[in-house]
Amino acid sequence: MERADVAIIGGGLVGCAAAWQLARKGASVVLIEAGDINAGASGQNAGSLHFQIERRFLENGDDLAEQGAQIVALSRHAVTDWATIEGDLAADLHVAMDGGLMVAETAEQVALLERKAARESHEGLAVRTLDGEQARTIAPYLSPGILAANFSADEGHADPRAVTPALADAARREGASVRTATRVRTIERDAGRFRVEGEGLALSADQLLVAAGAWSTEICALVNIHMPLYPVALLMNATERTAPMVPHLVQHVGRRLSLKQTHAGNLLIGGGWPSRLAQTPNGGFDLSARAQMIPESLTGNLLAARDVVPGVTQLNLIRSWTGVTAISSDQLPIVGPVPRVPGLWVAAGGSAFTLGLTFARMLADAMTGGDADELALLSPARFEHLNGFMG
Amino acid sequence: MADLQHFDVAIIGGGPAGQAAAVALSGHGLSIAVIDEQPRPGGQILRQPPARFAVQAWLEGRSYAPLKQLLARFQALSGITWLGEHSVIGVQQGSVMAMGPEGVTTISARHILIAAGCQDLAVPVSGWTLPGVYAAGGIQAFLKGQQLLVGSRVLLAGTHPLQLLIAAQIVAAGGTVAAVMFAQPRSAMIGALTKHPLAALRRAPDLLATAGALRTLARAGTPVLFGAKIEALTGNDRVSGAITNQGQVACDAVGLCYGFVPQSAVPRMAGAQMKPAGPAGGWACVHDEWMRTSVPGIAAAGEAVGVAGAAAAAAGGSLAGIAIALDLGLIDADAADRAARQPRRALLQHRAFAALLDAAADPTDHFPKPAGDTIICRCEDVDHATLTGQVSAGGSANAIKLATRCGMGACQGRNCEPSLLRMIAETGPGSDPGFTARFPARQVSIADLLPPE
Ligand SMILES: Cc1cc2nc3c(=O)[nH]c(=O)nc-3n(C[C@H](O)[C@H](O)[C@H](O)COP(=O)(O)OP(=O)(O)OC[C@H]3O[C@@H](n4cnc5c(N)ncnc54)[C@H](O)[C@@H]3O)c2cc1C
Ligand SMILES: Cc1cc2nc3c(=O)[nH]c(=O)nc-3n(C[C@H](O)[C@H](O)[C@H](O)COP(=O)(O)OP(=O)(O)OC[C@H]3O[C@@H](n4cnc5c(N)ncnc54)[C@H](O)[C@@H]3O)c2cc1C
């Protein structure tokens, strides 16, 4: 049977970045991907590098906002990871960090922006609060209806089409073995090791990292562990290409909106509008089938885009797509070792495009004997109560 | 976006299949919307000139007579809402989104029939992006719809016998055809036809009017060549010639004619189960004996279920119409079976002939070889060499789309998908389901998608 120090399940950004980082440290790594590299959320997402506290943390009261503020500490690491990744991989990933605006259209939203900025500066993230005029000075494409904005100079975007494949290439260069079209079917624990099997695969590994995005719950179930991650299907929209008009990442503090212009010139419009997950014939969600667009999400998203960047109405929509990602029961990502099963690690949930490089780097440290203090907030240990009868 | 409109039945496509379905559904007092991108009904085969043109002797041929009768019956129906100049951009169970001159409308309907027809297979070869190079069907559409000749010396090349008919129509309209080049040897074509001589003899004239076409071309002195393969199309700012294995040919327009593929964007977006459509590539809807697709409430007929010619499309359309009447409880099972007998028989016959034609026209071994720098995806400028690299690394069509942008442009991969899937198929067995279909089927102005103020 083939042996490895680490088996990684999932060929998305998180799995590929972890494979690269672990292989760089000299570990023997086998990464197993059911389909193609980048076929999951990592290739379908909006590519936002957002370091300000996300709207989803702000809309449900103070406790959650407090957690969001704690993530800011990780975001500061992510800024550095993104600023250096193209050099480290010697690849053009269309990383643009020309700043990001989170805008407000109402007085309440302006107040929310101010509270948010206060939390952020408390956590050491530099954010400026601009009034509408100031915002339009640096971002003339913004609507006159914008009353204020938070500006973070480091925010931006990168090309989801390029990042994960480049990480997989880098992992291979460092000696990792990358298996595509190989679905993991069973995982057995055997004398402290993990026996991972699938079509054409029989592998024994010291440690196992589950980086299977929305599928991570299923993979953990193979080890008889509960992982409270829930699939969500989101909508993305792309316009035709147009001349450069939006150099920033644009988000909204009170509405679902993210908007940016890609390297190629298309505007990408998203922001977390729901789509309908496909169902299996026996009930339950079918993550392998395409999620269905909800027409109200499309109009809602385009309205938000129009109200913030009126120029979008001059453009054609060329594509809307749906992608599936995972959210945990407390909204925070789940990253770290699973106490009940020594050697088992998980990294899933949350905005793991922005934070994925950072998760992978920190995990690789922890998995090779370093500490994982900075990931403590995200540890799977917080769900240990669910696994009292499992393992 | 305008308000919701409700109908009992929405038919997408006003060609023979859509017309026949509407005729079969008439007399029950149903509200029926027929949605088509073209301003007037007729579909691909009876593409009507604009109403303001008074065209003498429009599509006179004998083979068009039954189709013209069907069109006349359709146009005389009451209870039909004709939504011409409306492109369907999205379909889900129970609803159709269409973009028309007044913006985007959503139409709700208990039953939806997809009868969107087929399109020319786009075939890349060095020089095919030069102005003056068309899909042969495009040339015919200009002729039928606008009585327009695309050049003064047209070269037709490919494997599909339809190019004979198009050549004859060009000659009849006063144009010159440089040559009609079949890439396959004469034996391959004749061989397929002589295997089933009766079916071929009985049906050839009305489907293709080939005999008449050949006579017309002979009178005009137009060479019809076999085993003549295009290697490259040449020209500076417009095509001026072709390099072939039988020498160079001067021309100022080229029609490429390697076959037809169903318009599959709409059913795929709706989630209908699809199957490979035939040797030319593309995807056809899987359907039951009543033309129902795998999605409840959505049926398909005509070329949407496989390219089999206008008569088969009309027969399938009738069947779909009868089935919808059955499903709505307007007729009972016995009545439906009785009504279906004739169209079923016709469908069977026409499909047998279509299979024969598929074999005769089979382009599989006769596609031109693109050069490394030949553009395969025209929307996103992705060349053959780039795709070759990706294909040999073993990615799926979706993965290659993500990596290269091939198929990511405005046409949604309608044109490049068959080329890419052929490249993937060459690397070994296994079937690739192609690109995931996405909204919208045609690009649409964002302003039109917004609700009215
Ligand atoms: C529409 C959308 C927009 C988003 N926008 C942003 C954004 O702007 N910024 C941001 O930070 N985040 C964003 N996200 C979230 C982000 O995309 C994800 O958090 C991130 O990509 C997760 O990466 P991953 O590697 O964990 O998972 P994935 O990329 O989903 O990879 C998981 C992989 O595991 C594989 N797998 C599953 N089961 C098995 C098995 N049994 N055996 C082997 N392999 C298996 C899958 O095939 C898949 O490739 C967005 C998500 C979506 C859907
Ligand atoms: C160029 C060409 C030439 C042909 N010549 C012949 C021939 O000589 N003899 C023969 O038997 N067959 C021929 N065919 C095949 C011919 O299309 C069919 O036999 C017949 O017209 C099929 O009928 P249908 O109803 O399935 O589709 P069609 O007649 O093609 O009708 C489909 C209609 O749907 C509309 N449509 C498609 N997509 C959308 C959308 N998204 N939104 C709104 N409307 C839409 C189209 O505008 C079209 O009017 C030809 C096909 C092509 C492409």
# chains A, B, ... in the order shown; residues from 1 in each chain; ligands from 1
call {"tool": "interface_residues", "arguments": {"of": "chain B", "to": "chain A", "cutoff": "6 Å", "atoms": "only C-alpha atoms", "output": "PyMOL selection string"}}
result
chain B and resi 402-403+410+439-440+443-447+450
call {"tool": "residues_near_ligand", "arguments": {"ligand": "ligand 1", "cutoff": "6 Å", "atoms": "only C-alpha atoms and all ligand atoms", "output": "number ranges by chain"}}
result
A: 9-15, 32-35, 37-42, 44-49, 183-184, 211-215, 234-236, 322-325, 348-354
call {"tool": "closest_residue", "arguments": {"among": "A:Leu222, A:Ala107, A:Val95, A:Val335", "to": "Gln261 in chain A", "atoms": "only C-alpha atoms"}}
result
A:Val95
call {"tool": "residues_around", "arguments": {"residues": "Leu233 in chain B", "least_positions_apart": "2", "cutoff": "7 Å", "atoms": "only C-alpha atoms", "output": "compact mmCIF listing (two decimals) with all heavy atoms, in the first residue's frame"}}
result
# COMPACT_ATOMS: atom_id res chain seq x y z
N SER B 126 -7.84 27.01 -40.40
CA SER B 126 -7.01 28.20 -40.55
C SER B 126 -7.70 29.19 -41.51
O SER B 126 -8.06 28.82 -42.61
CB SER B 126 -5.64 27.79 -41.09
OG SER B 126 -4.83 28.92 -41.23
N GLY B 127 -7.92 30.38 -41.08
CA GLY B 127 -8.53 31.41 -41.92
C GLY B 127 -10.04 31.53 -41.79
O GLY B 127 -10.64 32.40 -42.42
N TRP B 128 -10.64 30.71 -40.95
CA TRP B 128 -12.12 30.71 -40.90
C TRP B 128 -12.70 31.96 -40.26
O TRP B 128 -13.89 32.21 -40.36
CB TRP B 128 -12.66 29.45 -40.21
CG TRP B 128 -12.54 29.44 -38.72
CD1 TRP B 128 -11.38 29.58 -38.00
CD2 TRP B 128 -13.58 29.27 -37.76
NE1 TRP B 128 -11.65 29.50 -36.66
CE2 TRP B 128 -12.99 29.31 -36.47
CE3 TRP B 128 -14.96 29.08 -37.84
CZ2 TRP B 128 -13.72 29.18 -35.29
CZ3 TRP B 128 -15.69 28.95 -36.67
CH2 TRP B 128 -15.07 29.00 -35.41
N VAL B 239 -11.72 36.90 -47.17
CA VAL B 239 -11.29 35.64 -47.78
C VAL B 239 -11.19 35.82 -49.30
O VAL B 239 -12.03 36.46 -49.93
CB VAL B 239 -12.25 34.48 -47.41
CG1 VAL B 239 -13.61 34.65 -48.07
CG2 VAL B 239 -11.64 33.13 -47.76
N GLY B 241 -9.45 33.05 -51.13
CA GLY B 241 -9.18 31.75 -51.71
C GLY B 241 -9.11 30.66 -50.66
O GLY B 241 -9.14 30.93 -49.46
N ALA B 242 -9.01 29.44 -51.16
CA ALA B 242 -8.90 28.29 -50.27
C ALA B 242 -7.76 27.41 -50.76
O ALA B 242 -7.58 27.23 -51.97
CB ALA B 242 -10.19 27.49 -50.27
N ILE B 243 -6.97 26.90 -49.83
CA ILE B 243 -5.98 25.89 -50.17
C ILE B 243 -6.61 24.55 -49.84
O ILE B 243 -7.07 24.34 -48.71
CB ILE B 243 -4.69 26.10 -49.35
CG1 ILE B 243 -4.12 27.49 -49.63
CG2 ILE B 243 -3.67 25.02 -49.66
CD1 ILE B 243 -2.95 27.87 -48.73
call {"tool": "residues_near_ligand", "arguments": {"ligand": "ligand 2", "cutoff": "7 Å", "atoms": "only C-alpha atoms and all ligand atoms", "output": "JSON, numbers by chain"}}
result
{"B": [12, 13, 14, 15, 16, 17, 18, 35, 36, 37, 38, 41, 42, 43, 44, 45, 86, 87, 88, 89, 115, 116, 117, 118, 119, 120, 136, 137, 138, 140, 141, 162, 207, 208, 260, 263, 266, 301, 302, 303, 304, 307, 308, 309, 310, 311, 313, 314, 441]}
call {"tool": "residues_around", "arguments": {"residues": "Glu102 in chain B", "least_positions_apart": "2", "cutoff": "12 Å", "atoms": "only C-alpha atoms", "output": "PyMOL selection string"}}
result
chain B and resi 1-3+83-87+98-100+104-105+445+447-449+452
call {"tool": "residues_around", "arguments": {"residues": "Glu2 in chain A", "least_positions_apart": "4", "cutoff": "9 Å", "atoms": "only C-alpha atoms", "output": "NGL selection string"}}
result
:A and (201-205)
call {"tool": "write_last_selection", "arguments": {"atoms": "N, CA and C atoms", "output": "mmCIF file, in the first residue's frame"}}
result
data_model
loop_
_atom_site.group_PDB
_atom_site.id
_atom_site.type_symbol
_atom_site.label_atom_id
_atom_site.label_comp_id
_atom_site.auth_asym_id
_atom_site.auth_seq_id
_atom_site.Cartn_x
_atom_site.Cartn_y
_atom_site.Cartn_z
ATOM 1 N N LEU A 201 -7.022 4.012 -5.802
ATOM 2 C CA LEU A 201 -6.265 4.642 -4.720
ATOM 3 C C LEU A 201 -6.341 3.765 -3.477
ATOM 4 N N ALA A 202 -5.186 3.475 -2.900
ATOM 5 C CA ALA A 202 -5.118 2.803 -1.598
ATOM 6 C C ALA A 202 -3.909 3.408 -0.911
ATOM 7 N N LEU A 203 -4.171 4.243 0.073
ATOM 8 C CA LEU A 203 -3.120 5.075 0.640
ATOM 9 C C LEU A 203 -3.164 4.974 2.156
ATOM 10 N N SER A 204 -2.010 4.904 2.746
ATOM 11 C CA SER A 204 -1.940 4.942 4.207
ATOM 12 C C SER A 204 -1.163 6.194 4.599
ATOM 13 N N ALA A 205 -1.780 7.033 5.438
ATOM 14 C CA ALA A 205 -1.149 8.309 5.779
ATOM 15 C C ALA A 205 -1.150 8.511 7.292
#
call {"tool": "atom_distance", "arguments": {"atom1": "CA of Ala385 in chain B", "atom2": "CA of Lys369 in chain B"}}
result
11.9 Å
call {"tool": "select_by_dssp", "arguments": {"residues": "range 236-412 of chain B", "states": "alpha helix (DSSP H)", "output": "PyMOL selection string"}}
result
chain B and resi 265-269+310-327+333-361+384-392+397-404
call {"tool": "residues_around", "arguments": {"residues": "His350 in chain B", "least_positions_apart": "2", "cutoff": "10 Å", "atoms": "only C-alpha atoms", "output": "ChimeraX atom specification"}}
result
/B:199,203,207,308-313,315,344-348,352-356
call {"tool": "write_last_selection", "arguments": {"atoms": "all heavy atoms", "output": "compact mmCIF listing (two decimals), in the first residue's frame"}}
result
# COMPACT_ATOMS: atom_id res chain seq x y z
N ALA B 199 -35.11 3.49 -49.10
CA ALA B 199 -35.34 4.66 -48.25
C ALA B 199 -34.72 5.88 -48.91
O ALA B 199 -35.32 6.96 -48.95
CB ALA B 199 -34.74 4.45 -46.87
N ARG B 203 -36.96 9.08 -50.35
CA ARG B 203 -36.98 10.32 -49.58
C ARG B 203 -36.02 11.40 -50.07
O ARG B 203 -36.20 12.56 -49.75
CB ARG B 203 -36.67 10.01 -48.12
CG ARG B 203 -37.80 9.32 -47.40
CD ARG B 203 -39.04 10.20 -47.36
NE ARG B 203 -38.67 11.60 -47.17
CZ ARG B 203 -38.27 12.10 -46.04
NH1 ARG B 203 -38.22 11.36 -44.96
NH2 ARG B 203 -37.93 13.36 -45.96
N LEU B 207 -36.43 15.68 -49.31
CA LEU B 207 -35.66 16.29 -48.23
C LEU B 207 -34.64 17.26 -48.80
O LEU B 207 -34.46 18.37 -48.32
CB LEU B 207 -34.96 15.26 -47.36
CG LEU B 207 -34.33 15.93 -46.16
CD1 LEU B 207 -35.38 16.46 -45.20
CD2 LEU B 207 -33.36 15.04 -45.45
N ALA B 308 -33.26 15.79 -37.80
CA ALA B 308 -33.84 14.77 -38.66
C ALA B 308 -34.67 15.38 -39.79
O ALA B 308 -35.42 14.69 -40.46
CB ALA B 308 -34.71 13.82 -37.84
N GLY B 309 -34.55 16.69 -39.99
CA GLY B 309 -35.27 17.30 -41.10
C GLY B 309 -36.62 17.85 -40.70
O GLY B 309 -37.15 17.56 -39.62
N ALA B 310 -37.15 18.67 -41.62
CA ALA B 310 -38.35 19.43 -41.31
C ALA B 310 -39.58 18.54 -41.13
O ALA B 310 -40.42 18.79 -40.26
CB ALA B 310 -38.61 20.46 -42.41
N ALA B 311 -39.70 17.48 -41.92
CA ALA B 311 -40.89 16.63 -41.82
C ALA B 311 -40.91 15.90 -40.48
O ALA B 311 -41.96 15.79 -39.83
CB ALA B 311 -40.92 15.64 -42.99
N ALA B 312 -39.75 15.43 -40.06
CA ALA B 312 -39.68 14.77 -38.75
C ALA B 312 -40.00 15.78 -37.65
O ALA B 312 -40.67 15.45 -36.66
CB ALA B 312 -38.28 14.18 -38.52
N ALA B 313 -39.52 17.00 -37.82
CA ALA B 313 -39.79 18.03 -36.81
C ALA B 313 -41.28 18.26 -36.68
O ALA B 313 -41.82 18.33 -35.57
CB ALA B 313 -39.07 19.33 -37.19
N ALA B 315 -43.70 16.18 -37.44
CA ALA B 315 -44.35 15.00 -36.84
C ALA B 315 -44.14 15.00 -35.33
O ALA B 315 -45.08 14.77 -34.55
CB ALA B 315 -43.79 13.72 -37.47
N ARG B 344 -46.63 9.32 -35.28
CA ARG B 344 -45.61 8.35 -34.85
C ARG B 344 -45.02 7.62 -36.05
O ARG B 344 -43.81 7.42 -36.14
CB ARG B 344 -46.23 7.30 -33.93
CG ARG B 344 -46.34 7.73 -32.49
CD ARG B 344 -46.62 6.49 -31.62
NE ARG B 344 -47.33 6.86 -30.41
CZ ARG B 344 -46.80 7.57 -29.43
NH1 ARG B 344 -45.56 7.98 -29.51
NH2 ARG B 344 -47.50 7.88 -28.37
N ARG B 345 -45.92 7.20 -36.96
CA ARG B 345 -45.45 6.47 -38.13
C ARG B 345 -44.52 7.37 -38.95
O ARG B 345 -43.43 6.98 -39.37
CB ARG B 345 -46.65 6.00 -38.97
CG ARG B 345 -46.32 4.83 -39.87
CD ARG B 345 -47.53 4.35 -40.67
NE ARG B 345 -48.76 4.26 -39.88
CZ ARG B 345 -49.89 4.91 -40.17
NH1 ARG B 345 -49.96 5.70 -41.24
NH2 ARG B 345 -50.97 4.78 -39.41
N ALA B 346 -44.94 8.61 -39.14
CA ALA B 346 -44.15 9.55 -39.93
C ALA B 346 -42.78 9.77 -39.27
O ALA B 346 -41.74 9.75 -39.93
CB ALA B 346 -44.89 10.88 -40.05
N LEU B 347 -42.80 9.92 -37.96
CA LEU B 347 -41.56 10.19 -37.25
C LEU B 347 -40.57 9.05 -37.45
O LEU B 347 -39.38 9.26 -37.72
CB LEU B 347 -41.87 10.37 -35.76
CG LEU B 347 -40.77 10.98 -34.90
CD1 LEU B 347 -40.36 12.35 -35.43
CD2 LEU B 347 -41.27 11.12 -33.45
N LEU B 348 -41.08 7.84 -37.35
CA LEU B 348 -40.24 6.66 -37.51
C LEU B 348 -39.57 6.65 -38.89
O LEU B 348 -38.37 6.44 -39.03
CB LEU B 348 -41.12 5.42 -37.34
CG LEU B 348 -40.52 4.27 -36.55
CD1 LEU B 348 -40.22 4.72 -35.13
CD2 LEU B 348 -41.50 3.09 -36.55
N ALA B 352 -35.59 7.20 -39.87
CA ALA B 352 -34.79 6.19 -40.55
C ALA B 352 -34.00 6.86 -41.67
O ALA B 352 -32.81 6.61 -41.87
CB ALA B 352 -35.69 5.10 -41.11
N PHE B 353 -34.67 7.74 -42.38
CA PHE B 353 -33.97 8.42 -43.46
C PHE B 353 -32.90 9.36 -42.91
O PHE B 353 -31.80 9.46 -43.47
CB PHE B 353 -34.95 9.20 -44.33
CG PHE B 353 -34.24 9.90 -45.46
CD1 PHE B 353 -33.67 9.17 -46.49
CD2 PHE B 353 -34.10 11.27 -45.45
CE1 PHE B 353 -32.98 9.80 -47.50
CE2 PHE B 353 -33.42 11.92 -46.46
CZ PHE B 353 -32.86 11.17 -47.49
N ALA B 354 -33.20 10.01 -41.79
CA ALA B 354 -32.23 10.93 -41.20
C ALA B 354 -30.97 10.18 -40.78
O ALA B 354 -29.85 10.68 -40.92
CB ALA B 354 -32.84 11.66 -40.01
N ALA B 355 -31.16 8.95 -40.28
CA ALA B 355 -30.00 8.15 -39.86
C ALA B 355 -29.11 7.87 -41.07
O ALA B 355 -27.88 7.90 -41.00
CB ALA B 355 -30.47 6.85 -39.22
N LEU B 356 -29.78 7.61 -42.19
CA LEU B 356 -29.07 7.34 -43.43
C LEU B 356 -28.27 8.57 -43.86
O LEU B 356 -27.10 8.50 -44.22
CB LEU B 356 -30.15 7.02 -44.46
CG LEU B 356 -29.76 6.59 -45.83
CD1 LEU B 356 -29.05 5.26 -45.72
CD2 LEU B 356 -31.01 6.43 -46.67
call {"tool": "atom_distance", "arguments": {"atom1": "CA of Asp81 in chain A", "atom2": "CA of Thr368 in chain A"}}
result
19.5 Å
call {"tool": "residues_around", "arguments": {"residues": "Leu378 in chain A", "least_positions_apart": "5", "cutoff": "9 Å", "atoms": "only C-alpha atoms", "output": "list of chain:residue names"}}
result
A:Leu332, A:Pro333, A:Ile334, A:Val335, A:Gly336
call {"tool": "select_by_dssp", "arguments": {"residues": "range 249-282 of chain A", "states": "strand (DSSP E or B)", "output": "PDB file with C-alpha atoms, in the first residue's frame"}}
result
ATOM      1  CA  LEU A 249     -13.393  45.991  -4.737  1.00  0.00           C
ATOM      2  CA  VAL A 250     -16.836  47.425  -3.958  1.00  0.00           C
ATOM      3  CA  GLN A 251     -19.025  46.010  -1.189  1.00  0.00           C
ATOM      4  CA  HIS A 252     -22.087  47.214   0.655  1.00  0.00           C
ATOM      5  CA  SER A 258     -19.696  42.665  -4.206  1.00  0.00           C
ATOM      6  CA  LEU A 259     -18.537  44.198  -7.439  1.00  0.00           C
ATOM      7  CA  LYS A 260     -15.183  44.348  -9.163  1.00  0.00           C
ATOM      8  CA  GLN A 261     -13.685  44.425 -12.632  1.00  0.00           C
ATOM      9  CA  ASN A 266     -15.737  41.897 -17.157  1.00  0.00           C
ATOM     10  CA  LEU A 267     -17.539  43.237 -14.107  1.00  0.00           C
ATOM     11  CA  LEU A 268     -18.263  40.475 -11.599  1.00  0.00           C
ATOM     12  CA  ILE A 269     -21.364  41.071  -9.518  1.00  0.00           C
ATOM     13  CA  GLY A 270     -22.172  38.935  -6.506  1.00  0.00           C
ATOM     14  CA  PRO A 274     -28.953  32.610  -2.586  1.00  0.00           C
ATOM     15  CA  ARG A 276     -31.513  26.766  -4.806  1.00  0.00           C
ATOM     16  CA  GLN A 279     -32.045  17.755  -4.218  1.00  0.00           C
TER      17      GLN A 279
END
